[in-house]
Every structure is written in structure tokens, then in C-alpha cells.
>>> print(open('work22.cif').read())   # mmCIF, C-alpha atoms
data_input
loop_
_atom_site.group_PDB
_atom_site.id
_atom_site.type_symbol
_atom_site.label_atom_id
_atom_site.label_comp_id
_atom_site.auth_asym_id
_atom_site.auth_seq_id
_atom_site.Cartn_x
_atom_site.Cartn_y
_atom_site.Cartn_z
ATOM 1 C CA MET P 1 0.000 0.000 0.000
ATOM 2 C CA LYS P 2 1.203 3.480 -0.793
ATOM 3 C CA ILE P 3 0.593 6.591 1.257
ATOM 4 C CA ASP P 4 -1.018 9.549 -0.478
ATOM 5 C CA ILE P 5 -2.364 11.790 2.278
ATOM 6 C CA LEU P 6 -1.704 15.513 1.973
ATOM 7 C CA ILE P 7 -0.484 17.253 5.089
ATOM 8 C CA ASP P 8 -2.143 20.653 5.067
ATOM 9 C CA LYS P 9 -0.684 21.970 8.301
ATOM 10 C CA LEU P 10 1.340 20.764 11.287
ATOM 11 C CA THR P 11 -0.770 21.832 14.260
ATOM 12 C CA PRO P 12 -0.696 20.913 17.960
ATOM 13 C CA CYS P 13 -4.456 20.285 17.812
ATOM 14 C CA LEU P 14 -6.943 20.008 14.979
ATOM 15 C CA VAL P 15 -8.283 23.302 13.705
ATOM 16 C CA GLU P 16 -11.947 23.606 12.712
ATOM 17 C CA VAL P 17 -11.795 25.294 9.315
ATOM 18 C CA SER P 18 -15.121 27.168 9.547
ATOM 19 C CA SER P 19 -14.408 28.824 12.891
ATOM 20 C CA GLY P 20 -10.658 28.552 13.488
ATOM 21 C CA LYS P 21 -11.482 26.806 16.767
ATOM 22 C CA ILE P 22 -8.671 24.668 18.250
ATOM 23 C CA CYS P 23 -9.891 21.149 19.054
ATOM 24 C CA LYS P 24 -8.026 18.843 21.431
ATOM 25 C CA THR P 25 -7.349 15.411 19.955
ATOM 26 C CA ILE P 26 -7.148 11.887 21.319
ATOM 27 C CA PHE P 27 -6.342 8.558 19.701
ATOM 28 C CA SER P 28 -6.771 4.847 20.375
ATOM 29 C CA LEU P 29 -6.692 1.517 18.624
ATOM 30 C CA ALA P 30 -9.548 1.260 16.145
ATOM 31 C CA THR P 31 -12.128 -1.434 16.736
ATOM 32 C CA ASN P 32 -13.648 -3.717 14.099
ATOM 33 C CA GLY P 33 -16.742 -1.505 14.245
ATOM 34 C CA ASP P 34 -14.623 1.555 13.468
ATOM 35 C CA ILE P 35 -13.105 0.077 10.295
ATOM 36 C CA THR P 36 -15.948 -1.999 8.892
ATOM 37 C CA GLY P 37 -18.016 -0.447 6.092
ATOM 38 C CA LEU P 38 -15.891 2.675 5.630
ATOM 39 C CA ALA P 39 -16.034 2.462 1.814
ATOM 40 C CA GLU P 40 -19.793 3.065 2.007
ATOM 41 C CA LYS P 41 -19.009 6.226 3.974
ATOM 42 C CA GLY P 42 -16.624 7.564 1.321
ATOM 43 C CA TRP P 43 -13.279 6.324 2.638
ATOM 44 C CA LEU P 44 -10.843 5.411 -0.143
ATOM 45 C CA PHE P 45 -9.136 2.386 1.391
ATOM 46 C CA ASP P 46 -10.427 -0.934 2.667
ATOM 47 C CA TRP P 47 -9.316 -0.742 6.277
ATOM 48 C CA SER P 48 -10.680 -4.229 6.947
ATOM 49 C CA ASP P 49 -8.202 -5.753 4.452
ATOM 50 C CA ASP P 50 -6.410 -8.783 5.937
ATOM 51 C CA GLU P 51 -2.983 -7.157 5.458
ATOM 52 C CA LEU P 52 -4.010 -4.154 7.562
ATOM 53 C CA ARG P 53 -5.767 -6.221 10.230
ATOM 54 C CA LYS P 54 -2.338 -7.642 11.164
ATOM 55 C CA THR P 55 -1.134 -4.134 12.005
ATOM 56 C CA ASN P 56 -2.031 -1.574 14.651
ATOM 57 C CA ILE P 57 -4.746 0.693 13.297
ATOM 58 C CA TYR P 58 -5.179 3.870 15.309
ATOM 59 C CA LYS P 59 -8.097 6.279 15.059
ATOM 60 C CA LEU P 60 -7.800 10.018 15.631
ATOM 61 C CA MET P 61 -10.743 11.779 17.273
ATOM 62 C CA ILE P 62 -11.685 15.117 18.793
ATOM 63 C CA ASP P 63 -11.758 14.836 22.590
ATOM 64 C CA GLY P 64 -15.403 14.300 23.582
ATOM 65 C CA ASP P 65 -16.487 13.220 20.078
ATOM 66 C CA ASN P 66 -16.237 9.614 18.839
ATOM 67 C CA THR P 67 -16.244 10.595 15.150
ATOM 68 C CA VAL P 68 -13.112 9.196 13.468
ATOM 69 C CA GLN P 69 -11.131 12.063 11.910
ATOM 70 C CA GLY P 70 -8.440 9.835 10.398
ATOM 71 C CA LEU P 71 -6.774 6.435 10.570
ATOM 72 C CA VAL P 72 -3.169 5.243 10.530
ATOM 73 C CA SER P 73 -1.922 1.673 10.172
ATOM 74 C CA ALA P 74 1.507 1.099 11.719
ATOM 75 C CA GLU P 75 3.552 -1.986 12.491
ATOM 76 C CA VAL P 76 6.523 -2.454 14.789
ATOM 77 C CA VAL P 77 9.233 -4.164 12.727
ATOM 78 C CA ARG P 78 12.954 -4.796 13.232
ATOM 79 C CA GLY P 79 14.120 -1.540 14.819
ATOM 80 C CA ALA P 80 11.507 0.794 13.349
ATOM 81 C CA VAL P 81 7.835 1.476 12.800
ATOM 82 C CA TYR P 82 6.566 0.852 9.284
ATOM 83 C CA VAL P 83 3.563 2.985 8.344
ATOM 84 C CA HIS P 84 1.355 0.964 6.023
ATOM 85 C CA LEU P 85 -1.415 3.461 5.391
ATOM 86 C CA VAL P 86 -2.662 6.885 6.469
ATOM 87 C CA GLU P 87 -6.047 8.373 5.565
ATOM 88 C CA SER P 88 -8.092 11.400 6.579
ATOM 89 C CA ALA P 89 -11.816 10.931 6.961
ATOM 90 C CA PRO P 90 -13.721 12.028 3.825
ATOM 91 C CA HIS P 91 -15.054 15.116 5.641
ATOM 92 C CA ASN P 92 -11.444 16.279 6.186
ATOM 93 C CA ILE P 93 -10.373 16.197 2.535
ATOM 94 C CA GLY P 94 -10.585 18.925 -0.073
ATOM 95 C CA GLU P 95 -11.567 22.569 -0.026
ATOM 96 C CA ASN P 96 -14.618 22.006 2.181
ATOM 97 C CA LYS P 97 -12.811 19.977 4.843
ATOM 98 C CA LYS P 98 -14.031 20.220 8.414
ATOM 99 C CA TYR P 99 -10.628 20.085 10.171
ATOM 100 C CA LYS P 100 -7.035 20.996 9.296
ATOM 101 C CA GLY P 101 -4.083 19.084 10.677
ATOM 102 C CA VAL P 102 -5.280 15.483 10.441
ATOM 103 C CA GLY P 103 -2.400 14.154 8.307
ATOM 104 C CA GLY P 104 0.315 15.471 10.581
ATOM 105 C CA HIS P 105 -1.458 14.038 13.622
ATOM 106 C CA LEU P 106 -1.587 10.589 12.048
ATOM 107 C CA PHE P 107 2.148 10.591 11.341
ATOM 108 C CA ALA P 108 2.741 11.845 14.897
ATOM 109 C CA ILE P 109 0.882 8.783 16.254
ATOM 110 C CA ALA P 110 3.259 6.518 14.301
ATOM 111 C CA ILE P 111 6.236 8.487 15.637
ATOM 112 C CA LYS P 112 4.896 8.135 19.183
ATOM 113 C CA LEU P 113 4.612 4.363 18.629
ATOM 114 C CA SER P 114 8.247 4.332 17.475
ATOM 115 C CA VAL P 115 9.393 6.222 20.577
ATOM 116 C CA ALA P 116 7.380 3.927 22.872
ATOM 117 C CA ASN P 117 9.116 0.916 21.326
ATOM 118 C CA GLY P 118 12.621 2.314 21.787
ATOM 119 C CA PHE P 119 13.213 3.429 18.176
ATOM 120 C CA ASP P 120 13.517 7.141 19.025
ATOM 121 C CA GLY P 121 10.842 8.192 16.517
ATOM 122 C CA TYR P 122 12.256 6.512 13.401
ATOM 123 C CA ILE P 123 9.521 5.520 10.930
ATOM 124 C CA TYR P 124 9.450 4.551 7.269
ATOM 125 C CA PHE P 125 6.747 4.328 4.618
ATOM 126 C CA GLU P 126 6.097 4.311 0.874
ATOM 127 C CA ALA P 127 4.745 7.398 -0.847
ATOM 128 C CA LYS P 128 2.444 6.932 -3.831
ATOM 129 C CA ASN P 129 4.418 9.086 -6.276
ATOM 130 C CA MET P 130 7.274 11.562 -6.663
ATOM 131 C CA LYS P 131 5.044 14.569 -6.025
ATOM 132 C CA LEU P 132 4.204 13.112 -2.600
ATOM 133 C CA VAL P 133 7.871 12.308 -1.949
ATOM 134 C CA GLU P 134 8.550 16.029 -2.349
ATOM 135 C CA HIS P 135 5.518 16.911 -0.198
ATOM 136 C CA TYR P 136 6.590 14.631 2.695
ATOM 137 C CA SER P 137 10.132 15.900 2.425
ATOM 138 C CA GLU P 138 8.929 19.495 2.734
ATOM 139 C CA MET P 139 6.227 18.986 5.377
ATOM 140 C CA LEU P 140 7.789 16.285 7.567
ATOM 141 C CA GLY P 141 11.473 16.458 6.746
ATOM 142 C CA ALA P 142 11.311 12.858 5.490
ATOM 143 C CA ASN P 143 14.035 11.489 3.205
ATOM 144 C CA ARG P 144 13.699 9.286 0.173
ATOM 145 C CA ILE P 145 15.540 5.984 0.546
ATOM 146 C CA MET P 146 17.056 4.748 -2.676
ATOM 147 C CA THR P 147 16.174 1.045 -2.726
ATOM 148 C CA ARG P 148 15.033 -1.595 -5.143
ATOM 149 C CA LEU P 149 12.259 -2.590 -2.758
ATOM 150 C CA HIS P 150 10.118 0.438 -3.560
ATOM 151 C CA GLU P 151 10.905 3.461 -5.708
ATOM 152 C CA TYR P 152 9.251 5.957 -3.333
ATOM 153 C CA ARG P 153 10.295 4.532 0.055
ATOM 154 C CA MET P 154 10.846 7.242 2.644
ATOM 155 C CA GLU P 155 12.151 7.471 6.166
ATOM 156 C CA LEU P 156 11.726 9.992 8.923
ATOM 157 C CA LEU P 157 14.896 10.209 10.959
ATOM 158 C CA GLU P 158 14.889 10.761 14.683
ATOM 159 C CA GLU P 159 15.799 14.475 14.659
ATOM 160 C CA ASN P 160 12.852 15.425 12.432
ATOM 161 C CA ALA P 161 10.584 12.985 14.251
ATOM 162 C CA HIS P 162 11.301 14.817 17.506
ATOM 163 C CA LYS P 163 10.544 18.185 15.872
ATOM 164 C CA ILE P 164 7.137 16.841 14.855
ATOM 165 C CA MET P 165 6.464 15.319 18.285
ATOM 166 C CA ASP P 166 7.323 18.657 19.922
ATOM 167 C CA LYS P 167 4.402 20.241 17.997
ATOM 168 C CA TYR P 168 1.757 17.734 19.069
ATOM 169 C CA LYS P 169 -0.138 17.305 22.303
ATOM 170 C CA LEU P 170 -1.227 13.764 21.552
ATOM 171 C CA GLU P 171 -3.103 11.878 24.201
ATOM 172 C CA GLY P 172 -4.044 8.303 23.685
ATOM 173 C CA ASP P 173 -3.454 4.661 24.216
ATOM 174 C CA LEU P 174 -0.710 2.938 22.214
ATOM 175 C CA ASP P 175 -1.911 -0.596 22.931
ATOM 176 C CA VAL P 176 -0.392 -2.859 20.316
ATOM 177 C CA LYS P 177 -1.588 -6.156 18.939
#
>>> encode(input="work22.cif", output="C-alpha cells")
Amino acid sequence: MKIDILIDKLTPCLVEVSSGKICKTIFSLATNGDITGLAEKGWLFDWSDDELRKTNIYKLMIDGDNTVQGLVSAEVVRGAVYVHLVESAPHNIGENKKYKGVGGHLFAIAIKLSVANGFDGYIYFEAKNMKLVEHYSEMLGANRIMTRLHEYRMELLEENAHKIMDKYKLEGDLDVK
């Protein structure tokens, strides 16, 4: 799976576009109920796919509201966290999005998982195309890894991971499968 989320803004909390209101965020492991039937609700990816079910899927929410604002699939692998997939909820995409900052929050959850597992924030993932490689480089400080495994593989080194974590006030439970 290739990541193609746009990061509109790195914000400590989500920002309601219509009002500019700052909204405190929380996250937790997604349940089967959270990820079942998302295609019918306009989500692009099948989050109930068997490959993703073997990973840790975290949901981002506004504190006090159970509506899922975005999802990230991350897996602890040999010395790092591999980010399989990241997606904003349909209502947070495009010009009429409800909240800004979802994409950055989802990457920050993966970074937090890396730190919790002793990897100091190091994560890696595959971007969908070269335009997104440039976007993640600019927004996150991620680097393209030249490898035969995937032409758009990227990594986020510890120094830039810590800069991102310093921006976020993430509260949540990192339970892992």
C-alpha cells in the first residue's frame, strides 16, 4: 500500500476550518466496528483488508467526540515502525474539509509508537508518487531511501521525528496487537 495523504498543516491540535477553533485530539486503537463499512461512507481504502488487520490501526478523534477524523496503520518491525497506510476521513479532505491538521497528527501517532518501542521516533513508509515524496520531504522532513524494494520509500529520521512530536499534544493509548 502506498501513502497519499496531503499534510495541510502541522498543528498541535486540529483546527476547525469554519471557525478557526482549536480542538483537542485523542487517539486509540480502532475497533472492528470503526473500520468496517468505511467504503460506504466515502473512505478510499479498505481498512478491513487482511494485510491491515495484522497491524495496529489507530483512530484520531476530537476529545469528547467519537467521530473518526483519520486512521493510521503502523507496524513495529525490526528496529523501526513501518507505516502501512494513512487516511483522513472524507469530511477532512478537499476545499470544504471540516478540520485541518489530520495528516500530521496521524504521522505523529506513528512516531509516538516508534518512541514507545525504543526506536527514538524513526519511521518509514512508501509514498504513492514523486510529487508526494517532495511533499513529505517538505512537510515532515522525510528522506527518500534509494532502494530496489520500492521506488518511493521514505524514512523519517529521529531528529525530524522529535521536531514533529514537539508540535503535538497527543493523548491516547498505544496498545499494540
>>> resolve_selection(input="work22.cif", expression="the PyMOL selection byres ((chain P and resi 61) around 10)", output="ChimeraX atom specification")
/P:14,23-28,58-60,62-71,102,172
>>> atom_distance(input="work22.cif", atom1="atom CA of Gly118 of chain P", atom2="atom CA of Ser137 of chain P")
23.8 Å
>>> residues_around(input="work22.cif", residues="Phe119 of chain P", least_positions_apart="3", cutoff="12 Å", atoms="all atoms listed in the file", output="ChimeraX atom specification")
/P:76-82,110-116,122-124,156-159,161-162
>>> resolve_selection(input="work22.cif", expression="the PyMOL selection byres ((chain P and resi 9) around 9)", output="PDB file with C-alpha atoms, in the frame of the given file")
ATOM      1  CA  ILE P   7      -0.484  17.253   5.089  1.00  0.00           C
ATOM      2  CA  ASP P   8      -2.143  20.653   5.067  1.00  0.00           C
ATOM      3  CA  LEU P  10       1.340  20.764  11.287  1.00  0.00           C
ATOM      4  CA  THR P  11      -0.770  21.832  14.260  1.00  0.00           C
ATOM      5  CA  LYS P 100      -7.035  20.996   9.296  1.00  0.00           C
ATOM      6  CA  GLY P 101      -4.083  19.084  10.677  1.00  0.00           C
ATOM      7  CA  VAL P 102      -5.280  15.483  10.441  1.00  0.00           C
ATOM      8  CA  GLY P 103      -2.400  14.154   8.307  1.00  0.00           C
ATOM      9  CA  GLY P 104       0.315  15.471  10.581  1.00  0.00           C
ATOM     10  CA  MET P 139       6.227  18.986   5.377  1.00  0.00           C
TER      11      MET P 139
END
>>> residues_near_point(input="work22.cif", point="(1.0, 13.1, 21.8)", cutoff="8 Å", atoms="all atoms listed in the file", output="PyMOL selection string")
chain P and resi 108-109+112+165+168-172
>>> atom_distance(input="work22.cif", atom1="atom CA of Lys131 of chain P", atom2="atom CA of Asp166 of chain P")
26.4 Å
>>> closest_residue(input="work22.cif", among="P:Glu16, P:Glu75, P:Glu87, P:Glu151", to="Gly42 of chain P", atoms="all atoms listed in the file")
P:Glu87
>>> atom_distance(input="work22.cif", atom1="atom CA of Phe45 of chain P", atom2="atom CA of Val83 of chain P")
14.5 Å
>>> residues_around(input="work22.cif", residues="Gly37 of chain P", least_positions_apart="3", cutoff="9 Å", atoms="all atoms listed in the file", output="list in words")
Gly33, Asp34, Glu40, Lys41, Trp43, Asp46, Trp47 and Ser48 of chain P
>>> closest_residue(input="work22.cif", among="P:Glu51, P:Asn143, P:Gly121, P:Glu138", to="Lys163 of chain P", atoms="all atoms listed in the file")
P:Gly121
>>> closest_residue(input="work22.cif", among="P:Ser18, P:Asn160, P:Asn117, P:Asn129", to="Gly141 of chain P", atoms="only C-alpha atoms")
P:Asn160
>>> residues_around(input="work22.cif", residues="Val133 of chain P", least_positions_apart="2", cutoff="10 Å", atoms="only C-alpha atoms", output="PyMOL selection string")
chain P and resi 3-4+126-131+135-138+142-144+152-154
>>> closest_residue(input="work22.cif", among="P:Ile22, P:Met146, P:Ala39, P:Val72", to="His105 of chain P", atoms="all atoms listed in the file")
P:Val72
